[in-house]
file run.txt (compact mmCIF, C-alpha atoms)
# COMPACT_ATOMS: atom_id res chain seq x y z
CA MET A 14 2.99 -16.99 19.22
CA LYS A 15 1.39 -13.74 18.05
CA LYS A 16 4.24 -11.62 19.42
CA ILE A 17 6.82 -13.83 17.73
CA PHE A 18 4.98 -13.57 14.42
CA ILE A 19 4.71 -9.79 14.66
CA SER A 20 8.41 -9.57 15.56
CA ILE A 21 9.30 -11.62 12.49
CA ILE A 22 7.16 -9.40 10.26
CA VAL A 23 8.78 -6.25 11.69
CA LEU A 24 12.25 -7.70 11.06
CA LEU A 25 11.28 -8.56 7.50
CA LEU A 26 9.99 -5.03 6.96
CA LEU A 27 13.17 -3.50 8.31
CA SER A 28 15.47 -5.77 6.35
CA SER A 29 13.58 -5.16 3.10
CA ALA A 30 13.69 -1.40 3.70
CA VAL A 31 17.46 -1.52 4.21
CA TYR A 32 17.81 -3.75 1.15
CA ALA A 33 15.85 -1.27 -0.98
CA GLN A 34 17.75 1.75 0.35
CA ARG A 35 21.12 0.23 -0.49
CA GLY A 36 20.13 0.00 -4.12
CA MET A 37 20.24 -3.79 -4.27
CA GLY A 38 16.64 -3.86 -5.42
CA GLY A 39 17.45 -3.73 -9.11
CA GLY A 40 15.43 -0.80 -10.44
CA PHE A 41 12.29 1.23 -9.98
CA GLY A 42 9.81 -1.58 -10.72
CA LYS A 43 11.35 -3.84 -8.14
CA HIS A 44 11.46 -0.97 -5.65
CA MET A 45 7.74 -0.33 -6.17
CA LYS A 46 6.94 -4.02 -5.63
CA MET A 47 8.99 -3.94 -2.43
CA GLN A 48 7.03 -0.90 -1.25
CA GLU A 49 3.73 -2.62 -2.01
CA LYS A 50 4.87 -5.67 -0.09
CA ASN A 51 5.92 -3.49 2.85
CA LEU A 52 2.55 -1.76 2.78
CA ASP A 53 0.79 -5.14 2.77
CA ASN A 54 2.89 -6.25 5.73
CA LEU A 55 2.17 -3.04 7.61
CA ARG A 56 -1.54 -3.45 6.91
CA LEU A 57 -1.47 -7.03 8.22
CA ILE A 58 0.49 -6.11 11.36
CA LYS A 59 -1.85 -3.25 12.22
CA LEU A 60 -4.90 -5.40 11.49
CA LEU A 61 -3.65 -8.27 13.67
CA ASP A 62 -2.92 -5.83 16.47
CA LEU A 63 -6.38 -4.27 16.18
CA LEU A 64 -8.30 -7.55 16.06
CA GLU A 65 -6.61 -9.11 19.10
CA LEU A 66 -7.00 -12.64 17.74
CA THR A 67 -6.49 -15.85 19.67
CA ASP A 68 -3.72 -18.17 18.41
CA GLU A 69 -6.30 -20.37 16.66
CA GLN A 70 -8.02 -17.38 15.04
CA ASN A 71 -4.65 -15.93 14.09
CA ASP A 72 -3.55 -18.99 12.10
CA LYS A 73 -6.84 -19.20 10.17
CA PHE A 74 -6.96 -15.45 9.56
CA ILE A 75 -3.40 -15.27 8.23
CA ALA A 76 -4.03 -18.20 5.87
CA ALA A 77 -7.15 -16.53 4.46
CA TYR A 78 -5.48 -13.12 4.32
CA SER A 79 -2.45 -14.50 2.48
CA SER A 80 -4.57 -16.07 -0.24
CA ILE A 81 -6.61 -12.91 -0.80
CA ARG A 82 -3.47 -10.76 -0.73
CA ILE A 83 -2.00 -12.56 -3.75
CA GLU A 84 -5.30 -12.30 -5.61
CA LYS A 85 -5.62 -8.59 -4.80
CA ARG A 86 -2.06 -7.89 -5.95
CA LYS A 87 -2.71 -9.57 -9.32
CA MET A 88 -5.97 -7.67 -9.72
CA HIS A 89 -4.23 -4.41 -8.86
CA GLU A 90 -1.61 -5.02 -11.55
CA LYS A 91 -4.33 -5.80 -14.13
CA MET A 92 -6.24 -2.69 -13.10
CA GLN A 93 -3.16 -0.48 -13.45
CA ALA A 94 -2.48 -1.88 -16.93
CA GLU A 95 -6.07 -1.36 -18.09
CA VAL A 96 -6.21 2.17 -16.67
CA GLU A 97 -2.94 2.96 -18.45
CA ILE A 98 -4.45 1.75 -21.73
CA LEU A 99 -7.54 3.90 -21.07
CA SER A 100 -5.32 6.92 -20.41
CA GLU A 101 -3.44 6.36 -23.68
CA GLN A 102 -6.71 6.04 -25.59
CA ILE A 103 -8.08 9.26 -24.11
CA ASN A 104 -4.85 11.16 -24.80
CA ALA A 105 -4.59 9.91 -28.38
CA GLU A 106 -4.53 12.51 -31.12
CA SER A 107 -8.05 11.50 -32.17
CA PRO A 108 -9.66 9.45 -29.36
CA ASN A 109 -11.88 6.58 -30.50
CA GLU A 110 -15.02 6.66 -28.35
CA SER A 111 -15.83 3.02 -29.04
CA LEU A 112 -12.39 1.88 -27.82
CA ILE A 113 -12.65 4.14 -24.79
CA LYS A 114 -16.10 2.73 -23.92
CA ASN A 115 -14.72 -0.80 -24.22
CA GLN A 116 -11.80 0.06 -21.97
CA ILE A 117 -14.09 1.66 -19.37
CA ASP A 118 -16.12 -1.57 -19.36
CA LYS A 119 -12.92 -3.58 -18.71
CA VAL A 120 -11.93 -1.32 -15.81
CA GLU A 121 -15.42 -1.52 -14.30
CA ALA A 122 -15.38 -5.33 -14.63
CA LEU A 123 -12.08 -5.43 -12.73
CA MET A 124 -13.54 -3.16 -10.03
CA GLU A 125 -16.43 -5.59 -9.66
CA GLN A 126 -14.01 -8.53 -9.45
CA LYS A 127 -12.19 -6.70 -6.66
CA MET A 128 -15.44 -6.29 -4.73
CA GLN A 129 -16.29 -9.96 -5.24
CA SER A 130 -12.86 -10.88 -3.95
CA ILE A 131 -13.43 -8.81 -0.80
CA ARG A 132 -16.83 -10.43 -0.29
CA LYS A 133 -15.27 -13.87 -0.72
CA PHE A 134 -12.62 -13.03 1.88
CA HIS A 135 -15.28 -11.82 4.33
CA GLU A 136 -17.25 -15.02 3.79
CA LYS A 137 -14.16 -17.11 4.38
CA ILE A 138 -13.30 -15.48 7.72
CA LYS A 139 -16.67 -14.51 9.18
CA ASP A 140 -17.01 -17.84 11.03
CA ASN A 141 -13.53 -17.35 12.49
CA LEU A 142 -14.09 -13.82 13.85
CA THR A 143 -16.55 -12.42 16.34
CA VAL A 144 -19.04 -9.84 15.08
CA VAL A 145 -17.07 -7.09 16.84
CA GLN A 146 -13.80 -8.26 15.25
CA MET A 147 -15.49 -8.38 11.86
CA GLY A 148 -16.77 -4.83 12.38
CA LYS A 149 -13.30 -3.62 13.39
CA MET A 150 -11.85 -5.20 10.25
CA VAL A 151 -14.42 -3.55 7.96
CA ILE A 152 -13.70 -0.15 9.53
CA PHE A 153 -9.96 -0.75 9.28
CA GLU A 154 -10.15 -1.71 5.60
CA ASN A 155 -12.11 1.44 4.89
CA ARG A 156 -9.82 3.81 6.78
CA PHE A 157 -6.30 2.38 6.54
CA GLU A 158 -5.16 3.77 3.20
CA ARG A 159 -6.84 7.13 3.71
CA GLU A 160 -5.16 7.58 7.10
CA LEU A 161 -1.83 6.44 5.68
CA LEU A 162 -2.09 8.99 2.86
CA GLU A 163 -2.97 11.71 5.37
CA THR A 164 0.05 10.78 7.48
CA VAL A 165 2.36 10.90 4.46
CA ARG A 166 0.84 14.20 3.36
CA ASP A 167 1.35 15.71 6.83
CA PHE A 168 4.94 14.46 6.92
CA ARG A 169 5.69 15.98 3.50
CA LYS A 170 4.04 19.25 4.48
CA LYS A 171 6.18 19.50 7.65
CA HIS A 172 9.27 18.52 5.69
CA MET A 173 8.61 21.18 3.04
CA MET A 174 8.01 23.83 5.71
CA GLN A 175 11.30 22.88 7.39
CA MET A 176 13.12 23.09 4.05
CA GLN A 177 11.64 26.55 3.42
CA GLU A 178 12.77 27.70 6.85
CA ASP A 179 16.27 26.32 6.30
CA ALA A 180 16.68 27.65 2.73
CA PRO A 181 17.51 31.31 3.58
CA ALA A 182 20.13 30.23 6.10
CA MET A 183 21.70 27.88 3.59
CA LEU A 184 21.81 30.63 0.94
CA ASN A 185 23.47 33.07 3.33
CA ASP A 186 26.09 30.58 4.45
CA THR A 187 28.92 31.16 2.00
CA THR A 188 31.64 29.70 4.18
CA ILE A 189 34.04 27.56 2.24
CA PRO A 190 35.21 24.45 4.11
CA ASP A 191 38.78 25.78 4.57
CA GLY A 192 37.41 28.84 6.46
CA ARG A 193 37.48 31.46 3.67
CA HIS A 194 34.39 33.55 2.82
call {"tool": "encode", "arguments": {"input": "run.txt", "output": "structure tokens"}}
result
Amino acid sequence: MKKIFISIIVLLLLSSAVYAQRGMGGGFGKHMKMQEKNLDNLRLIKLLDLLELTDEQNDKFIAAYSSIRIEKRKMHEKMQAEVEILSEQINAESPNESLIKNQIDKVEALMEQKMQSIRKFHEKIKDNLTVVQMGKMVIFENRFERELLETVRDFRKKHMMQMQEDAPAMLNDTTIPDGRH
């Protein structure tokens, strides 16, 4: 059951990646939402693999995770909007400190809501997981995005180094396709 579910998720990830690459996504906003969804799916797959859940635990965990995932996505969108407003207020020609203070309060309230949401999720699943599984999940939640960012950063660094190595050769290659120089 678990292997079938993971296989389905992987297929969905691959198909959505192909869909996005072919330009059928319909713009940057839709592409970003697709990336967020892919990241959520990757997070879930890695978490399920790490926790080594039984079939019964798996069903309950996925149900709880799905509900929190939607809530977290909505909160993230609200947070981005409020931070954007804060940024605009700070960068205004003459920033209004009262408005900025109000906006900071809104952002902090959303941060607290996010923490409450995480606590609620932990409460919901703690009876379904062993203490060790719960500990693994807490560690995973803390490290996942940081490690993902480090991986992307390393990939970009290697890619940039490769491009720098290839650049002189590309500049020196003045061969025209028909064989003339």
call {"tool": "residues_around", "arguments": {"input": "run.txt", "residues": "Glu90 (chain A)", "least_positions_apart": "3", "cutoff": "12 Å", "atoms": "all atoms listed in the file", "output": "count of residues only"}}
result
17
call {"tool": "atom_distance", "arguments": {"input": "run.txt", "atom1": "CA of Met47 (chain A)", "atom2": "CA of Ser79 (chain A)"}}
result
16.3 Å
call {"tool": "closest_residue", "arguments": {"input": "run.txt", "among": "A:Val144, A:Met173, A:Met88, A:Ile81", "to": "Glu125 (chain A)", "atoms": "only C-alpha atoms"}}
result
A:Met88
call {"tool": "closest_residue", "arguments": {"input": "run.txt", "among": "A:Asp179, A:Ile98, A:Ser107, A:Leu64", "to": "Val151 (chain A)", "atoms": "all atoms listed in the file"}}
result
A:Leu64
call {"tool": "closest_residue", "arguments": {"input": "run.txt", "among": "A:Ser111, A:Asn155, A:Ser80, A:Gln175", "to": "Ser130 (chain A)", "atoms": "only C-alpha atoms"}}
result
A:Ser80
call {"tool": "closest_residue", "arguments": {"input": "run.txt", "among": "A:Leu57, A:Leu63, A:Ile75, A:Leu52", "to": "Ile152 (chain A)", "atoms": "all atoms listed in the file"}}
result
A:Leu63
call {"tool": "atom_distance", "arguments": {"input": "run.txt", "atom1": "CA of Glu154 (chain A)", "atom2": "CA of Asp68 (chain A)"}}
result
21.8 Å
call {"tool": "atom_distance", "arguments": {"input": "run.txt", "atom1": "CA of Lys119 (chain A)", "atom2": "CA of Glu158 (chain A)"}}
result
24.4 Å
call {"tool": "closest_residue", "arguments": {"input": "run.txt", "among": "A:Ala122, A:Ile113, A:Met150, A:Leu162", "to": "Asp62 (chain A)", "atoms": "only C-alpha atoms"}}
result
A:Met150
call {"tool": "closest_residue", "arguments": {"input": "run.txt", "among": "A:Leu112, A:Leu60, A:Ala77, A:Leu99", "to": "Lys133 (chain A)", "atoms": "all atoms listed in the file"}}
result
A:Ala77
call {"tool": "decode", "arguments": {"input": "run.txt", "residues": "region 82-131 of chain A", "atoms": "C-alpha atoms", "output": "mmCIF file, in the first residue's frame"}}
result
data_model
loop_
_atom_site.group_PDB
_atom_site.id
_atom_site.type_symbol
_atom_site.label_atom_id
_atom_site.label_comp_id
_atom_site.auth_asym_id
_atom_site.auth_seq_id
_atom_site.Cartn_x
_atom_site.Cartn_y
_atom_site.Cartn_z
ATOM 1 C CA ARG A 82 -1.064 21.413 4.355
ATOM 2 C CA ILE A 83 -4.034 23.387 3.009
ATOM 3 C CA GLU A 84 -4.108 25.553 6.127
ATOM 4 C CA LYS A 85 -0.350 26.205 5.926
ATOM 5 C CA ARG A 86 -0.579 27.143 2.244
ATOM 6 C CA LYS A 87 -3.325 29.709 2.960
ATOM 7 C CA MET A 88 -1.330 31.124 5.865
ATOM 8 C CA HIS A 89 1.772 31.346 3.697
ATOM 9 C CA GLU A 90 -0.130 33.321 1.059
ATOM 10 C CA LYS A 91 -1.491 35.708 3.722
ATOM 11 C CA MET A 92 1.983 36.104 5.191
ATOM 12 C CA GLN A 93 3.501 36.911 1.788
ATOM 13 C CA ALA A 94 0.817 39.539 1.144
ATOM 14 C CA GLU A 95 1.291 41.184 4.552
ATOM 15 C CA VAL A 96 5.089 41.188 4.225
ATOM 16 C CA GLU A 97 4.739 42.776 0.782
ATOM 17 C CA ILE A 98 2.572 45.521 2.278
ATOM 18 C CA LEU A 99 5.165 46.038 5.030
ATOM 19 C CA SER A 100 7.912 46.293 2.414
ATOM 20 C CA GLU A 101 5.935 48.909 0.470
ATOM 21 C CA GLN A 102 5.315 50.911 3.641
ATOM 22 C CA ILE A 103 8.994 50.865 4.579
ATOM 23 C CA ASN A 104 10.082 51.856 1.072
ATOM 24 C CA ALA A 105 7.543 54.677 0.816
ATOM 25 C CA GLU A 106 8.882 58.162 0.213
ATOM 26 C CA SER A 107 7.990 59.142 3.777
ATOM 27 C CA PRO A 108 7.373 55.963 5.836
ATOM 28 C CA ASN A 109 4.579 56.194 8.406
ATOM 29 C CA GLU A 110 5.843 54.576 11.607
ATOM 30 C CA SER A 111 2.345 53.956 12.919
ATOM 31 C CA LEU A 112 1.343 52.044 9.770
ATOM 32 C CA ILE A 113 4.601 50.104 9.844
ATOM 33 C CA LYS A 114 4.055 49.156 13.507
ATOM 34 C CA ASN A 115 0.529 47.981 12.666
ATOM 35 C CA GLN A 116 1.822 45.914 9.776
ATOM 36 C CA ILE A 117 4.548 44.342 11.935
ATOM 37 C CA ASP A 118 1.839 43.356 14.426
ATOM 38 C CA LYS A 119 -0.146 41.683 11.610
ATOM 39 C CA VAL A 120 2.907 39.720 10.446
ATOM 40 C CA GLU A 121 3.717 38.628 13.999
ATOM 41 C CA ALA A 122 0.103 37.527 14.532
ATOM 42 C CA LEU A 123 0.324 35.384 11.385
ATOM 43 C CA MET A 124 3.608 33.884 12.625
ATOM 44 C CA GLU A 125 1.872 32.952 15.875
ATOM 45 C CA GLN A 126 -1.040 31.419 13.947
ATOM 46 C CA LYS A 127 1.471 29.325 12.018
ATOM 47 C CA MET A 128 2.982 28.045 15.266
ATOM 48 C CA GLN A 129 -0.476 27.255 16.635
ATOM 49 C CA SER A 130 -1.251 25.353 13.463
ATOM 50 C CA ILE A 131 1.912 23.262 13.874
#
